[in-house]
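**Student:** Structure file query.txt (compact mmCIF, C-alpha atoms) is given on the next line.
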# COMPACT_ATOMS: atom_id res chain seq x y z
CA MET A 5 104.52 16.68 -29.85
CA GLU A 6 105.36 14.89 -26.60
CA THR A 7 102.47 14.65 -24.17
CA PHE A 8 102.82 14.12 -20.44
CA ALA A 9 99.30 13.49 -19.14
CA ASP A 10 96.83 10.86 -20.29
CA LEU A 11 93.30 11.10 -18.94
CA THR A 12 92.09 7.77 -20.34
CA PHE A 13 91.63 6.23 -16.89
CA LEU A 14 89.90 9.32 -15.47
CA LYS A 15 87.49 9.43 -18.42
CA THR A 16 86.62 5.76 -17.92
CA PHE A 17 86.31 6.12 -14.15
CA THR A 18 83.95 9.10 -14.44
CA ALA A 19 82.12 7.65 -17.48
CA GLY A 20 83.04 10.90 -19.25
CA ASP A 21 81.46 13.18 -16.60
CA SER A 22 83.31 16.45 -17.33
CA GLU A 23 82.42 18.01 -13.94
CA LYS A 24 84.03 15.09 -12.11
CA ILE A 25 87.08 15.18 -14.38
CA LYS A 26 87.47 18.90 -13.61
CA LYS A 27 87.08 18.22 -9.87
CA TYR A 28 89.83 15.57 -9.82
CA VAL A 29 92.20 17.53 -12.07
CA ASN A 30 91.75 20.65 -9.93
CA LEU A 31 92.46 18.62 -6.78
CA PHE A 32 95.68 17.43 -8.45
CA LEU A 33 96.69 20.92 -9.62
CA ASN A 34 96.06 22.38 -6.15
CA GLY A 35 98.00 19.59 -4.46
CA THR A 36 101.14 19.42 -6.59
CA GLU A 37 102.74 22.67 -5.43
CA PRO A 38 102.76 21.75 -1.70
CA ALA A 39 103.73 18.16 -2.57
CA LEU A 40 106.73 19.28 -4.64
CA ALA A 41 107.67 21.81 -1.96
CA ALA A 42 107.67 18.98 0.63
CA ILE A 43 109.86 16.83 -1.65
CA LYS A 44 112.38 19.64 -2.25
CA LEU A 45 112.52 20.58 1.43
CA SER A 46 113.15 17.00 2.54
CA LEU A 47 115.86 16.63 -0.09
CA GLU A 48 117.56 19.86 1.05
CA THR A 49 117.44 18.76 4.69
CA SER A 50 118.39 15.14 3.86
CA ASP A 51 115.28 13.95 5.65
CA TRP A 52 114.99 10.64 3.76
CA LYS A 53 111.95 9.37 5.66
CA ALA A 54 110.03 12.56 4.83
CA LEU A 55 111.24 12.38 1.22
CA ARG A 56 110.01 8.80 0.90
CA THR A 57 106.59 9.72 2.32
CA ALA A 58 106.23 12.83 0.14
CA ALA A 59 107.19 10.94 -3.04
CA HIS A 60 104.84 8.12 -2.05
CA SER A 61 101.93 10.56 -1.71
CA LEU A 62 102.55 12.06 -5.14
CA LYS A 63 102.85 8.63 -6.78
CA SER A 64 99.18 7.62 -6.78
CA GLN A 65 98.06 11.11 -7.84
CA THR A 66 100.31 11.06 -10.91
CA LYS A 67 99.03 7.57 -11.71
CA TYR A 68 95.39 8.73 -11.86
CA MET A 69 96.35 11.70 -14.07
CA GLY A 70 98.18 9.32 -16.41
CA ILE A 71 101.54 11.07 -15.92
CA ALA A 72 103.58 7.89 -16.37
CA ARG A 73 107.01 9.60 -16.39
CA ALA A 74 106.25 11.40 -13.10
CA GLU A 75 105.02 8.15 -11.55
CA GLU A 76 108.30 6.42 -12.52
CA LEU A 77 110.32 9.27 -11.01
CA ALA A 78 108.22 9.27 -7.81
CA ILE A 79 108.77 5.51 -7.47
CA PHE A 80 112.54 5.98 -8.01
CA ILE A 81 112.70 8.74 -5.38
CA GLU A 82 110.51 6.83 -2.89
CA HIS A 83 112.53 3.63 -3.27
CA ASN A 84 115.95 5.27 -2.96
CA ALA A 85 114.90 7.52 -0.08
CA ALA A 86 113.57 4.44 1.75
CA GLN A 87 116.80 2.50 1.09
CA VAL A 88 119.03 5.60 1.53
CA SER A 89 120.67 4.60 -1.73
CA ASN A 90 121.72 6.40 -4.95
CA LEU A 91 121.51 9.66 -3.03
CA ASP A 92 123.66 11.45 -5.64
CA GLN A 93 120.93 10.79 -8.27
CA LEU A 94 118.07 12.16 -6.18
CA PRO A 95 118.55 15.90 -6.92
CA GLU A 96 118.35 15.26 -10.68
CA ALA A 97 115.32 12.97 -10.24
CA VAL A 98 113.53 15.61 -8.16
CA GLN A 99 114.33 18.28 -10.77
CA ASN A 100 113.01 16.04 -13.55
CA LEU A 101 109.90 15.29 -11.52
CA GLU A 102 109.24 19.00 -11.10
CA ASN A 103 109.71 19.63 -14.84
CA VAL A 104 107.44 16.75 -15.88
CA ILE A 105 104.71 17.81 -13.44
CA SER A 106 104.96 21.40 -14.61
CA ARG A 107 104.51 20.37 -18.28
CA ALA A 108 101.72 17.92 -17.41
CA SER A 109 99.94 20.57 -15.32
CA GLU A 110 99.93 22.94 -18.32
CA GLU A 111 98.34 20.21 -20.41
CA LEU A 112 95.76 19.42 -17.74
CA ARG A 113 94.84 23.12 -17.33
CA SER A 114 94.27 23.49 -21.05
CA HIS A 115 92.33 20.21 -21.13
CA ILE A 116 89.85 21.22 -18.43
CA ALA A 117 89.50 24.70 -19.92
CA GLY A 118 88.15 23.00 -23.04
CA LEU A 119 85.58 20.86 -21.17
CA MET B 1 68.47 -9.77 12.81
CA ALA B 2 70.06 -6.38 13.55
CA GLN B 3 70.14 -3.83 10.71
CA LEU B 4 73.44 -3.71 8.80
CA ASN B 5 75.41 -0.56 9.58
CA LYS B 6 75.78 1.22 6.23
CA HIS B 7 77.86 4.11 7.57
CA ILE B 8 81.30 4.25 5.90
CA PHE B 9 84.31 6.44 6.76
CA ILE B 10 87.16 7.09 4.29
CA VAL B 11 90.43 8.32 5.81
CA ASP B 12 93.17 9.47 3.42
CA ASP B 13 95.42 12.52 3.36
CA ASP B 14 95.41 12.33 -0.45
CA PRO B 15 92.24 14.27 -1.36
CA ILE B 16 92.02 12.81 -4.90
CA GLN B 17 92.15 9.23 -3.63
CA ALA B 18 89.59 9.93 -0.88
CA GLU B 19 87.23 11.74 -3.25
CA MET B 20 87.46 9.04 -5.92
CA ILE B 21 86.70 6.20 -3.47
CA SER B 22 83.85 8.23 -1.99
CA ASP B 23 82.37 8.94 -5.44
CA HIS B 24 82.72 5.31 -6.46
CA LEU B 25 81.08 3.91 -3.30
CA SER B 26 78.33 6.56 -3.49
CA LYS B 27 77.06 4.78 -6.59
CA MET B 28 76.01 1.93 -4.27
CA SER B 29 72.67 2.96 -2.83
CA GLY B 30 71.88 3.35 0.85
CA TYR B 31 75.37 4.15 2.13
CA LYS B 32 76.24 7.20 4.22
CA ILE B 33 79.86 8.14 3.48
CA ARG B 34 82.13 10.59 5.33
CA VAL B 35 85.65 11.58 4.27
CA PHE B 36 88.42 12.58 6.68
CA ASN B 37 91.92 13.76 5.72
CA SER B 38 93.56 12.59 8.95
CA GLY B 39 93.32 9.76 11.44
CA GLU B 40 92.85 12.26 14.26
CA GLU B 41 89.70 13.67 12.57
CA CYS B 42 88.34 10.16 12.05
CA LEU B 43 88.90 9.22 15.71
CA LYS B 44 87.01 12.35 16.82
CA HIS B 45 83.96 11.01 14.97
CA MET B 46 84.18 7.37 16.02
CA ASN B 47 81.18 7.92 18.34
CA GLU B 48 79.15 7.65 15.12
CA LEU B 49 80.19 3.95 15.08
CA PRO B 50 80.76 3.45 11.33
CA GLY B 51 80.32 -0.09 9.96
CA ILE B 52 83.40 0.18 7.74
CA VAL B 53 86.48 2.44 7.71
CA PHE B 54 88.74 2.66 4.64
CA LEU B 55 92.04 3.73 6.16
CA ASP B 56 95.22 4.89 4.42
CA PHE B 57 98.40 3.22 5.70
CA TYR B 58 100.57 6.35 5.29
CA LEU B 59 98.71 9.30 6.78
CA ASP B 60 101.78 11.47 7.27
CA GLY B 61 102.32 12.52 3.65
CA VAL B 62 101.04 16.06 4.26
CA ASN B 63 101.58 16.47 7.99
CA LYS B 64 104.75 14.74 9.23
CA ASP B 65 103.43 14.62 12.79
CA ALA B 66 100.11 13.00 11.87
CA MET B 67 99.20 9.58 13.34
CA ASN B 68 100.05 6.72 11.01
CA GLY B 69 97.50 4.22 9.73
CA LEU B 70 98.47 1.35 12.06
CA ASP B 71 98.08 3.52 15.17
CA VAL B 72 94.68 4.75 13.94
CA LEU B 73 93.63 1.15 13.18
CA GLN B 74 94.41 0.09 16.76
CA GLU B 75 92.49 3.05 18.21
CA ILE B 76 89.47 2.33 16.00
CA LYS B 77 89.37 -1.31 17.13
CA LYS B 78 89.63 -0.20 20.79
CA ILE B 79 86.72 2.25 20.41
CA SER B 80 84.54 0.12 18.15
CA PRO B 81 85.60 -3.55 17.82
CA ASP B 82 82.67 -4.24 15.46
CA THR B 83 83.86 -1.68 12.90
CA ASP B 84 85.61 -3.39 9.99
CA VAL B 85 88.72 -1.62 8.73
CA VAL B 86 90.04 -1.92 5.17
CA MET B 87 93.59 -0.63 4.80
CA LEU B 88 94.68 1.29 1.70
CA SER B 89 98.30 1.52 0.64
CA GLY B 90 100.37 2.45 -2.37
CA GLN B 91 102.72 -0.41 -1.54
CA ASP B 92 102.10 -3.97 -2.64
CA LYS B 93 104.13 -5.52 0.18
CA ILE B 94 103.09 -8.75 1.85
CA ASP B 95 104.67 -7.87 5.22
CA VAL B 96 102.72 -4.59 5.36
CA ALA B 97 99.49 -6.46 4.53
CA VAL B 98 100.16 -9.18 7.14
CA ASN B 99 100.94 -6.56 9.76
CA THR B 100 97.63 -4.76 9.20
CA MET B 101 95.71 -8.06 9.41
CA LYS B 102 97.52 -8.82 12.69
CA TYR B 103 96.07 -5.62 14.13
CA GLY B 104 92.55 -6.57 13.04
CA ALA B 105 92.14 -5.16 9.52
CA PHE B 106 89.53 -7.00 7.44
CA ASP B 107 91.28 -6.44 4.10
CA TYR B 108 94.19 -4.65 2.43
CA ILE B 109 93.84 -2.81 -0.87
CA VAL B 110 96.73 -1.57 -3.00
CA LYS B 111 96.02 1.89 -4.44
CA GLY B 112 95.76 2.05 -8.17
CA GLU B 113 93.28 1.86 -10.97
CA SER B 114 91.62 -1.32 -9.65
CA ALA B 115 91.44 -0.08 -6.03
CA PHE B 116 87.93 1.38 -6.48
CA TYR B 117 86.46 -1.91 -7.67
CA ARG B 118 88.27 -3.77 -4.90
CA ALA B 119 86.83 -1.30 -2.36
CA GLU B 120 83.34 -2.02 -3.68
CA LYS B 121 84.02 -5.76 -3.42
CA ALA B 122 85.32 -5.33 0.16
CA VAL B 123 82.07 -3.59 1.16
CA PHE B 124 80.09 -6.43 -0.42
CA ASN B 125 82.21 -9.08 1.36
CA ILE B 126 81.97 -7.38 4.74
CA TYR B 127 78.17 -7.14 4.59
CA ARG B 128 77.86 -10.73 3.35
CA PHE B 129 80.08 -11.86 6.25
CA LYS B 130 77.96 -9.84 8.73
CA LYS B 131 74.77 -11.42 7.38
CA LEU B 132 76.23 -14.93 7.72
CA GLU B 133 77.45 -14.09 11.22
CA GLY B 134 73.93 -12.86 12.11
CA ASN B 135 72.32 -16.03 10.75
CA ALA B 136 74.79 -18.27 12.61
CA SER B 137 74.05 -16.44 15.84
CA LYS B 138 70.28 -16.78 15.26
CA TYR B 139 70.59 -20.57 14.71
CA ARG B 140 72.85 -20.89 17.78
CA ASN B 141 70.19 -19.19 19.92
CA MET B 142 67.41 -21.36 18.47
CA THR B 143 69.37 -24.56 19.17
CA PHE B 144 70.06 -23.42 22.73
CA LEU B 145 66.36 -22.67 23.38
CA LEU B 146 65.32 -26.00 21.87
CA ALA B 147 67.79 -27.86 24.13
CA ILE B 148 66.42 -26.06 27.21
CA GLY B 149 62.84 -26.91 26.15
CA VAL B 150 63.66 -30.63 25.78
CA ALA B 151 65.48 -30.67 29.15
CA LEU B 152 62.49 -29.03 30.88
CA LEU B 153 60.11 -31.54 29.31
CA ILE B 154 62.22 -34.48 30.49
CA MET B 155 62.39 -33.00 34.00
CA LEU B 156 58.60 -32.52 34.03
CA VAL B 157 57.97 -36.13 33.01
CA MET B 158 60.42 -37.39 35.66
CA TYR B 159 58.73 -35.21 38.32
CA LEU B 160 55.30 -36.50 37.36
CA GLN B 161 56.54 -40.10 37.50
CA LEU B 162 58.25 -39.63 40.86
CA THR B 163 55.17 -38.02 42.40
CA GLY B 164 52.99 -40.81 41.04
CA LYS B 165 50.89 -38.48 38.94
CA ILE B 166 51.64 -40.64 35.94
CA THR B 167 52.47 -44.31 36.22
CA ASP B 168 52.69 -45.36 32.64
CA MET B 169 53.89 -43.56 29.53
CA PRO B 170 52.73 -45.10 26.30
CA GLY B 171 55.74 -46.15 24.30
CA TRP B 172 58.12 -45.89 27.31
CA SER B 173 59.39 -49.11 28.75
Please rewrite the model in this file as structure tokens.
**Tutor:**
Amino acid sequence: METFADLTFLKTFTAGDSEKIKKYVNLFLNGTEPALAAIKLSLETSDWKALRTAAHSLKSQTKYMGIARAEELAIFIEHNAAQVSNLDQLPEAVQNLENVISRASEELRSHIAGL
Amino acid sequence: MAQLNKHIFIVDDDPIQAEMISDHLSKMSGYKIRVFNSGEECLKHMNELPGIVFLDFYLDGVNKDAMNGLDVLQEIKKISPDTDVVMLSGQDKIDVAVNTMKYGAFDYIVKGESAFYRAEKAVFNIYRFKKLEGNASKYRNMTFLLAIGVALLIMLVMYLQLTGKITDMPGWS
């Protein structure tokens, strides 16, 4: 089965402290909805500077949660919004980003429930 | 030598990043750490005169109207020139790094898995630099006082010779 999140880094960083892992994962889960909303709104309004900033913010969070596919998509969106290039590909990238984060969030919820 | 200021501020609108740096630096003993999610909040507390501020470059990810990192950096240096600022950014771009140094940042750290260890290293480097600076200043003051002492001694001897209180100095020709 395909997995989306990899908590290897977080486990090393916290030296396996499950309370800290829960704290960071919950911060991520609480932050993704407003972050994705900001990305979608800036795409709808063609506010490329805001889209670049919103994608940039999400990038490091996805990195720490080991969501490599979401990090790649965030980098793609950030880069193209900054360059105002490949604009026709941005809606699909944003949709994919939302799907990947949704699947990864399910995994993360079930992971911390088992801690 | 003055006590080293072990008060650290972390300013980042990404709560995970801020919390992780704070947790990592908290492992180093003796540091008082405060986290702020905006530059405006940090500036309100600059009267606490932190020794080091870790400052995110992009602070407008959540609030579009928030002050950006470079503006906050300049304000911090105006309020407290002795506070060392370490910039944090998700972008590994040399021009961004150079720009932050131009405005007085001590260091520039790219966010990522190694950022926490680099932050720890930056704290170590800043305090080592401050200690060296303190020692250099102490030696400068000692040299200055020694020079004044020698000058006063020479003037005293000349005065005594001119007033005839001493006519011969053993070893002086």
**Student:** Compile the residues of chain B that lie within 9 Å of chain A, evaluated using all atoms listed in the file, and express the compilation as a ChimeraX atom specification.
**Tutor:** /B:13-17,19-20,24,58,60-62,64,90-91,111-113
**Student:** Could you tell me which of A:Leu91, A:Leu33, A:Met69, A:Ile79 comes closest to Phe8 of chain A if we count all atoms listed in the file?
**Tutor:**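 Among A:Leu91, A:Leu33, A:Met69, A:Ile79, it is A:Met69 that comes nearest to Phe8 of chain A.
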**Student:** Could you list, as number ranges by chain, every residue within 12 Å of Val123 of chain B, counting all atoms listed in the file and ignoring same-chain residues fewer than 2 positions away?
**Tutor:** B: 4-9, 21, 24-26, 28, 31, 51-54, 84-86, 106-107, 109, 116-121, 125-130
**Student:** For Gly70 of chain A, which residue among A:Met5, A:Ala108, A:Ala19, A:Leu47 is the nearest when counting all atoms listed in the file?
**Tutor:** A:Ala108
**Student:** May I ask for the distance between atom CA of Ile116 of chain A and atom CA of Asn37 of chain B, given in Å to one decimal place?
**Tutor:** 25.4 Å
**Student:** To one decimal place in Å, what is the distance between atom CA of Val88 of chain A and atom CA of Tyr103 of chain B?
**Tutor:**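 Pair atom CA of Val88 of chain A / atom CA of Tyr103 of chain B returns 28.5 Å.
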**Student:** Report, in Å with one decimal, the straight-line distance from atom CA of Ala85 of chain A to atom CA of Asp51 of chain A.
**Tutor:**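 Result for atom CA of Ala85 of chain A versus atom CA of Asp51 of chain A: 8.6 Å, one decimal.
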